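J.: Pasting run.cif below, which is mmCIF, C-alpha atoms and all ligand atoms.
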data_structure
loop_
_atom_site.label_atom_id
_atom_site.label_comp_id
_atom_site.auth_asym_id
_atom_site.auth_seq_id
_atom_site.Cartn_x
_atom_site.Cartn_y
_atom_site.Cartn_z
CA LEU A 1 -10.54 5.90 -11.93
CA SER A 2 -8.46 9.02 -11.99
CA ASP A 3 -9.36 11.94 -14.19
CA GLY A 4 -6.57 12.49 -16.68
CA PRO A 5 -5.73 12.84 -20.34
CA LEU A 6 -6.26 9.11 -20.94
CA LYS A 7 -9.79 9.12 -19.51
CA GLY A 8 -11.96 6.87 -21.68
CA VAL A 9 -8.97 5.04 -23.14
CA LYS A 10 -9.13 1.28 -22.72
CA ALA A 11 -5.69 -0.26 -22.26
CA ILE A 12 -4.40 -3.80 -21.82
CA VAL A 13 -0.89 -4.39 -20.49
CA THR A 14 0.84 -7.78 -20.30
CA SER A 15 3.58 -8.16 -17.71
CA GLY A 16 5.83 -10.69 -16.03
CA PRO A 17 7.05 -14.08 -17.15
CA THR A 18 4.93 -17.05 -18.10
CA HIS A 19 5.22 -20.46 -16.51
CA GLU A 20 5.00 -23.47 -18.77
CA ALA A 21 4.21 -26.58 -16.77
CA ILE A 22 6.34 -29.70 -17.11
CA ASP A 23 4.20 -31.61 -14.61
CA PRO A 24 2.05 -30.53 -11.62
CA VAL A 25 5.10 -29.44 -9.60
CA ARG A 26 7.62 -28.24 -12.18
CA PHE A 27 7.67 -25.51 -14.79
CA ILE A 28 9.85 -23.59 -17.22
CA ALA A 29 10.14 -19.90 -16.38
CA ASN A 30 12.36 -16.89 -17.07
CA ARG A 31 13.93 -14.01 -15.16
CA SER A 32 11.26 -11.37 -15.80
CA SER A 33 10.19 -9.61 -12.59
CA GLY A 34 7.19 -7.79 -14.08
CA LYS A 35 8.49 -4.47 -12.71
CA GLN A 36 8.50 -2.63 -16.04
CA GLY A 37 5.11 -3.90 -17.18
CA HIS A 38 3.47 -3.21 -13.83
CA ALA A 39 4.98 0.29 -13.79
CA ILE A 40 3.52 0.97 -17.25
CA ALA A 41 0.09 -0.22 -16.16
CA SER A 42 0.28 2.08 -13.13
CA ALA A 43 1.45 5.07 -15.17
CA LEU A 44 -1.40 4.61 -17.66
CA ALA A 45 -3.94 4.27 -14.84
CA ALA A 46 -2.53 7.41 -13.16
CA MET A 47 -3.22 9.28 -16.39
CA GLY A 48 -6.82 8.13 -16.36
CA ALA A 49 -6.77 5.08 -18.63
CA GLU A 50 -9.05 2.14 -17.93
CA VAL A 51 -6.35 -0.51 -17.51
CA THR A 52 -6.44 -4.29 -17.47
CA LEU A 53 -3.12 -5.76 -16.37
CA VAL A 54 -2.66 -9.35 -17.50
CA SER A 55 0.17 -10.62 -15.35
CA GLY A 56 2.13 -13.82 -15.30
CA PRO A 57 3.42 -15.15 -11.97
CA VAL A 58 5.25 -12.30 -10.20
CA SER A 59 6.08 -11.49 -6.60
CA LEU A 60 4.75 -7.94 -7.00
CA ALA A 61 1.50 -6.83 -5.36
CA ASP A 62 -1.43 -6.11 -7.67
CA PRO A 63 -1.25 -2.39 -8.49
CA ALA A 64 -4.22 -0.26 -7.44
CA GLY A 65 -6.66 1.43 -9.78
CA MET A 66 -6.97 -1.26 -12.41
CA THR A 67 -8.27 -4.74 -13.15
CA VAL A 68 -5.59 -7.37 -12.65
CA VAL A 69 -5.91 -10.78 -14.28
CA ARG A 70 -3.35 -13.30 -13.12
CA VAL A 71 -2.36 -16.10 -15.47
CA GLU A 72 0.37 -18.70 -15.64
CA SER A 73 0.96 -19.86 -19.19
CA ALA A 74 1.29 -18.05 -22.51
CA LEU A 75 -1.91 -19.65 -23.73
CA GLN A 76 -3.79 -18.36 -20.68
CA MET A 77 -2.25 -14.92 -21.25
CA LEU A 78 -3.36 -14.89 -24.89
CA ASN A 79 -6.89 -15.92 -23.92
CA ALA A 80 -7.09 -13.25 -21.21
CA VAL A 81 -5.96 -10.55 -23.66
CA ARG A 82 -8.31 -11.75 -26.41
CA GLN A 83 -11.29 -11.73 -24.05
CA ARG A 84 -10.66 -8.07 -23.29
CA LEU A 85 -10.37 -6.84 -26.88
CA PRO A 86 -11.30 -4.45 -28.36
CA ALA A 87 -9.01 -1.95 -26.65
CA ASP A 88 -7.52 1.36 -27.73
CA LEU A 89 -4.06 0.43 -26.58
CA VAL A 90 -2.17 -2.80 -25.92
CA VAL A 91 1.30 -2.84 -24.37
CA CYS A 92 2.96 -6.26 -24.43
CA ALA A 93 5.66 -6.05 -21.77
CA ALA A 94 5.44 -9.68 -20.68
CA ALA A 95 8.39 -12.01 -21.21
CA VAL A 96 6.27 -14.71 -22.78
CA ALA A 97 7.92 -18.12 -23.06
CA ASP A 98 8.66 -18.90 -26.68
CA TRP A 99 7.95 -22.56 -26.10
CA THR A 100 5.53 -24.57 -24.06
CA VAL A 101 5.92 -28.18 -22.96
CA ALA A 102 4.29 -30.49 -25.48
CA ASN A 103 4.58 -33.62 -23.32
CA ARG A 104 3.30 -32.14 -20.08
CA ALA A 105 2.68 -34.92 -17.54
CA SER A 106 -0.54 -34.96 -15.55
CA GLU A 107 1.23 -36.63 -12.61
CA LYS A 108 4.60 -35.76 -11.11
CA ARG A 109 7.41 -37.32 -13.12
CA LYS A 110 9.08 -39.89 -10.90
CA LYS A 111 12.77 -40.55 -10.76
CA LYS A 112 13.50 -44.27 -10.83
CA ALA A 113 16.95 -45.76 -10.33
CA GLY A 114 18.42 -46.80 -13.65
CA ASP A 115 15.90 -44.88 -15.77
CA PRO A 116 17.29 -42.36 -18.24
CA PRO A 117 16.33 -38.73 -17.54
CA PRO A 118 13.00 -37.76 -19.13
CA THR A 119 12.92 -35.72 -22.31
CA ILE A 120 11.01 -32.47 -22.37
CA GLN A 121 9.48 -31.77 -25.76
CA LEU A 122 8.88 -28.17 -26.63
CA ALA A 123 6.23 -26.71 -28.92
CA PRO A 124 5.91 -23.07 -30.00
CA ASN A 125 3.66 -20.77 -28.00
CA PRO A 126 1.24 -18.37 -29.67
CA ASP A 127 2.66 -14.89 -30.13
CA ILE A 128 0.37 -12.52 -28.25
CA LEU A 129 1.92 -9.33 -29.62
CA MET A 130 1.66 -10.55 -33.20
CA THR A 131 -1.88 -11.83 -32.73
CA VAL A 132 -3.04 -8.46 -31.39
CA SER A 133 -1.09 -6.45 -33.97
CA LYS A 134 -2.47 -8.43 -36.88
CA ALA A 135 -6.05 -8.58 -35.63
CA GLU A 136 -8.67 -7.35 -38.08
CA ALA A 137 -10.60 -4.16 -37.41
CA PRO A 138 -12.41 -3.48 -35.10
CA LEU A 139 -10.26 -5.67 -32.83
CA ARG A 140 -6.95 -4.08 -33.89
CA PRO A 141 -6.09 -1.50 -31.21
CA ARG A 142 -5.12 2.00 -32.34
CA LEU A 143 -1.71 1.58 -30.76
CA VAL A 144 0.19 -1.64 -30.08
CA VAL A 145 3.51 -1.46 -28.26
CA GLY A 146 5.91 -4.37 -27.97
CA PHE A 147 9.18 -4.86 -26.15
CA ALA A 148 12.43 -6.29 -27.38
CA ALA A 149 14.75 -7.66 -24.74
CA GLU A 150 18.01 -8.30 -26.50
CA THR A 151 21.52 -9.17 -25.46
CA GLU A 152 23.17 -8.20 -28.78
CA LYS A 153 22.47 -6.23 -31.97
CA LEU A 154 19.71 -4.43 -30.06
CA MET A 155 18.52 -1.96 -32.71
CA GLU A 156 18.76 -4.38 -35.61
CA HIS A 157 16.69 -7.01 -33.85
CA ALA A 158 14.20 -4.43 -32.61
CA ALA A 159 13.60 -2.98 -36.08
CA ASP A 160 13.17 -6.48 -37.42
CA LYS A 161 10.67 -7.25 -34.66
CA LEU A 162 8.62 -4.13 -35.44
CA ALA A 163 8.24 -5.25 -39.06
CA ARG A 164 7.67 -8.92 -38.37
CA LYS A 165 5.16 -8.55 -35.56
CA GLY A 166 3.22 -5.66 -37.06
CA CYS A 167 3.14 -3.57 -33.90
CA ASP A 168 3.44 0.23 -33.94
CA TRP A 169 6.32 0.72 -31.52
CA ILE A 170 9.04 -1.43 -30.09
CA VAL A 171 10.62 -0.51 -26.78
CA ALA A 172 14.08 -2.05 -26.99
CA ASN A 173 16.04 -2.74 -23.84
CA ASP A 174 19.40 -4.29 -23.25
CA VAL A 175 19.14 -7.30 -20.95
CA SER A 176 22.69 -8.55 -21.41
CA GLU A 177 24.55 -9.72 -18.33
CA GLY A 178 25.71 -6.72 -16.35
CA SER A 179 22.97 -4.42 -17.71
CA GLY A 180 21.01 -4.99 -14.48
CA THR A 181 17.72 -4.75 -16.39
CA PHE A 182 16.23 -8.09 -15.40
CA GLY A 183 14.95 -7.75 -11.85
CA GLY A 184 16.63 -4.36 -11.44
CA ASP A 185 14.95 -0.98 -10.96
CA ALA A 186 16.57 0.86 -13.86
CA ASN A 187 16.27 0.55 -17.61
CA THR A 188 17.83 2.06 -20.72
CA VAL A 189 15.42 1.97 -23.64
CA HIS A 190 15.14 2.96 -27.26
CA ILE A 191 11.74 3.58 -28.84
CA ILE A 192 11.54 2.38 -32.42
CA ASP A 193 8.53 3.32 -34.55
CA GLY A 194 7.84 3.56 -38.25
CA THR A 195 9.71 6.85 -38.47
CA GLY A 196 12.91 6.19 -36.54
CA THR A 197 14.53 5.63 -33.17
CA GLU A 198 14.41 7.67 -29.99
CA SER A 199 17.03 6.76 -27.37
CA TRP A 200 16.31 7.62 -23.77
CA PRO A 201 18.97 7.93 -21.08
CA ALA A 202 19.15 5.38 -18.26
CA MET A 203 16.33 6.01 -15.80
CA SER A 204 14.17 4.14 -13.31
CA LYS A 205 11.55 1.75 -14.64
CA ASP A 206 8.94 4.06 -13.11
CA ASP A 207 10.31 6.96 -15.15
CA VAL A 208 10.41 4.85 -18.30
CA ALA A 209 6.74 4.04 -17.61
CA ARG A 210 5.76 7.68 -17.06
CA ASN A 211 7.58 8.87 -20.18
CA LEU A 212 6.06 6.07 -22.22
CA ALA A 213 2.57 6.91 -20.94
CA GLU A 214 3.15 10.52 -22.00
CA ARG A 215 4.34 9.49 -25.45
CA ILE A 216 1.28 7.24 -25.76
CA THR A 217 -0.97 10.11 -24.73
CA LYS A 218 0.44 12.26 -27.53
CA ALA A 219 0.20 9.46 -30.08
CA LEU A 220 -3.45 8.92 -29.24
CA GLY A 221 -4.05 12.63 -29.65
CA LYS A 222 -4.94 13.10 -25.98
CA ALA A 223 -2.11 15.39 -24.89
O1 LIG A 301 9.97 -12.30 -30.14
P1 LIG A 301 10.24 -11.73 -28.81
O2 LIG A 301 9.80 -12.61 -27.68
O3 LIG A 301 11.61 -11.23 -28.57
O4 LIG A 301 9.31 -10.43 -28.79
C1 LIG A 301 9.15 -9.68 -27.65
C2 LIG A 301 7.83 -8.98 -27.69
O5 LIG A 301 6.81 -9.86 -28.12
C3 LIG A 301 7.39 -8.52 -26.32
O6 LIG A 301 6.58 -7.38 -26.47
C4 LIG A 301 6.58 -9.69 -25.81
O7 LIG A 301 5.66 -9.31 -24.82
C5 LIG A 301 5.90 -10.15 -27.07
N1 LIG A 301 5.61 -11.60 -27.14
C6 LIG A 301 4.31 -12.03 -27.02
N2 LIG A 301 4.05 -13.38 -27.14
C7 LIG A 301 5.03 -14.26 -27.36
C8 LIG A 301 6.35 -13.82 -27.47
C9 LIG A 301 6.62 -12.48 -27.35
O8 LIG A 301 3.42 -11.22 -26.81
N3 LIG A 301 4.74 -15.55 -27.47
#
Render the structure in this file as structure tokens.
Ligand code: C5P
T.:
Amino acid sequence: LSDGPLKGVKAIVTSGPTHEAIDPVRFIANRSSGKQGHAIASALAAMGAEVTLVSGPVSLADPAGMTVVRVESALQMLNAVRQRLPADLVVCAAAVADWTVANRASEKRKKKAGDPPPTIQLAPNPDILMTVSKAEAPLRPRLVVGFAAETEKLMEHAADKLARKGCDWIVANDVSEGSGTFGGDANTVHIIDGTGTESWPAMSKDDVARNLAERITKALGKA
């Protein structure tokens, strides 16, 4: 553990996509690389926080200086986060699937000549950010940060998300086609909290992470 302003602060960061199994060999996924979430976990650890990174399936190496819990589904991610509460800080950067597969098959679905294609039934996943934000004391962290990946009406949707989910900050980023955010190394974000919006210029995901860790340090009164 490094000595830094966040020494003694317990943080949980979710990162990456989730995989929702259709059968033992197939799943529903999304384009999240985990780069931003992993960078945030690393920046917090570099400032001395005691970090648990709960990561969906990513091709990134486990970052050093923290506990990494690897999960696949949203339900597993929720359980991993819950097990580690209470925490001072939770950052939900994972691109959690909104839906899981309700009619998951325990054996590989077989294609048979003449059969119609199978139907995949979806059921809502638990919302990890909302669950953590609305937890009762003493499980409610002092600071809960969510992300909003939007392709349109970025600020409007982000402000709505802040209110609906009950988190303290929303980091809004534009993931529309051509923004290069998904899988890319750069990000343009806006921080929305109860008092207003702060827009940051385009910068690397590592710089977004460092700036966010600094803002978190101030908010927790550790600067
Ligand atoms: O509702 P939406 O998915 O756009 O909200 C994004 C934010 O909510 C992100 O911080 C994401 O990590 C979190 N989230 C979550 N669990 C879900 C869905 C979203 O933690 N099931």
J.: Can you tell me which residues come within 7 Å of ligand LIG 301 (chain A) when counting all atoms listed in the file, ideally as a ChimeraX atom specification?
T.: /A:14,74,92-98,125-130,145-149,161
J.: Would you mind telling me which residue in A:Gly34, A:Lys10, A:Ile28, A:Glu107 lies nearest to Pro86 in chain A when using all atoms listed in the file?
T.: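 Using all atoms listed in the file, Pro86 in chain A sits closest to A:Lys10.
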J.: Nearest to Asp3 in chain A: which of A:Val25, A:Arg104, A:Pro17, A:Ala46 is it, counting all atoms listed in the file?
T.: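 Smallest distance to Asp3 in chain A is found for A:Ala46.
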J.: So which residues are close to (-2.7, -12.3, -17.2), meaning at most 7 Å away in the file's coordinates with all atoms listed in the file counted, and can you show them as a PyMOL selection string?
T.: chain A and resi 14+53-56+69-71+77+80
J.: Just the number, please: distance in Å from CA of Gln121 in chain A to CA of Arg109 in chain A, one decimal.
T.: 14.0 Å
J.: Could you pull the residues within 9 Å of Glu214 in chain A, counting all atoms listed in the file, minus those fewer than 2 positions along the same chain, as JSON, numbers by chain?
T.: {"A": [43, 44, 47, 209, 210, 211, 212, 216, 217, 218, 219, 223]}
J.: Using 10 Å as the limit and counting all atoms listed in the file, can you tabulate each residue of range 84-160 of chain A that touches range 173-181 of chain A, with its shortest atom-to-atom distance in Å and the two atoms involved, as CSV?
T.:
residue,atom,partner,partner_atom,distance
A:Phe147,CA,A:Asn173,CA,7.5
A:Ala148,CA,A:Asn173,CA,6.2
A:Ala149,CA,A:Asn173,CA,5.2
A:Glu150,CA,A:Asp174,CA,5.3
A:Thr151,CA,A:Ser176,CA,4.3
A:Glu152,CA,A:Ser176,CA,7.4
A:Lys153,CA,A:Asp174,CA,9.4
A:Leu154,CA,A:Asp174,CA,6.8
A:Met155,CA,A:Asn173,CA,9.2
A:Ala158,CA,A:Asn173,CA,9.1
J.: So which one's closest to Ala41 in chain A, A:Met203, A:Ala11, A:Val208, A:Ile191? Using all atoms listed in the file, please.
T.: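 Smallest distance to Ala41 in chain A is found for A:Ala11.
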J.: I'd like to know which of A:Ala213, A:Leu122, A:Val132, A:Ala113 is closest to Gly48 in chain A, using all atoms listed in the file.
T.: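 That would be A:Ala213, the residue with the smallest distance to Gly48 in chain A.
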J.: Measuring atom to atom with all atoms listed in the file, identify which of A:Pro57, A:Pro24, A:Gly194, A:Gly37 is nearest to Lys110 in chain A.
T.: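 Among the listed residues, A:Pro24 lies closest to Lys110 in chain A.
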J.: Would you compute an axis-aligned box for range 173-186 of chain A, covering every atom listed for it in the file with 6 Å of margin on each side, and report centre and edge lengths in Å to one decimal as lines of an AutoDock Vina configuration file?
T.:
center_x = 20.3
center_y = -4.4
center_z = -17.4
size_x = 22.8
size_y = 22.6
size_z = 24.9
J.: Need to verify the contact set: Thr67 in chain A, 9 Å, all atoms listed in the file, exclusion of same-chain residues closer than 2 positions in sequence. Can you return it as a short mmCIF file (atom, residue, chain, number, x, y, z; two decimals) with C-alpha atoms, keeping the file's coordinate frame?
T.:
data_model
loop_
_atom_site.label_atom_id
_atom_site.label_comp_id
_atom_site.auth_asym_id
_atom_site.auth_seq_id
_atom_site.Cartn_x
_atom_site.Cartn_y
_atom_site.Cartn_z
CA GLU A 50 -9.05 2.14 -17.93
CA VAL A 51 -6.35 -0.51 -17.51
CA THR A 52 -6.44 -4.29 -17.47
CA LEU A 53 -3.12 -5.76 -16.37
CA VAL A 54 -2.66 -9.35 -17.50
CA ASP A 62 -1.43 -6.11 -7.67
CA PRO A 63 -1.25 -2.39 -8.49
CA ALA A 64 -4.22 -0.26 -7.44
CA GLY A 65 -6.66 1.43 -9.78
CA VAL A 69 -5.91 -10.78 -14.28
#
J.: Any idea what the distance is between CA of Asn103 in chain A and CA of Thr119 in chain A?
T.: 8.7 Å
J.: Neighbouring residues of Phe182 in chain A were defined as those with any atom within 7 Å, considering only C-alpha atoms; residues of the same chain fewer than 5 positions away were excluded. Please report them as a CSV table (one decimal) with C-alpha atoms, keeping the file's coordinate frame.
T.:
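Result saved to result_12.csv:
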chain,number,residue,atom,x,y,z
A,31,ARG,CA,13.9,-14.0,-15.2
A,32,SER,CA,11.3,-11.4,-15.8
A,33,SER,CA,10.2,-9.6,-12.6
A,175,VAL,CA,19.1,-7.3,-21.0
J.: Counting only C-alpha atoms, which residue out of A:Ala202, A:Ala163, A:Leu143, A:Met66 sits closest to Val91 in chain A?
T.: A:Leu143
J.: Work out how far CA of Leu85 in chain A is from CA of Glu136 in chain A, in Å to one decimal.
T.: 11.3 Å
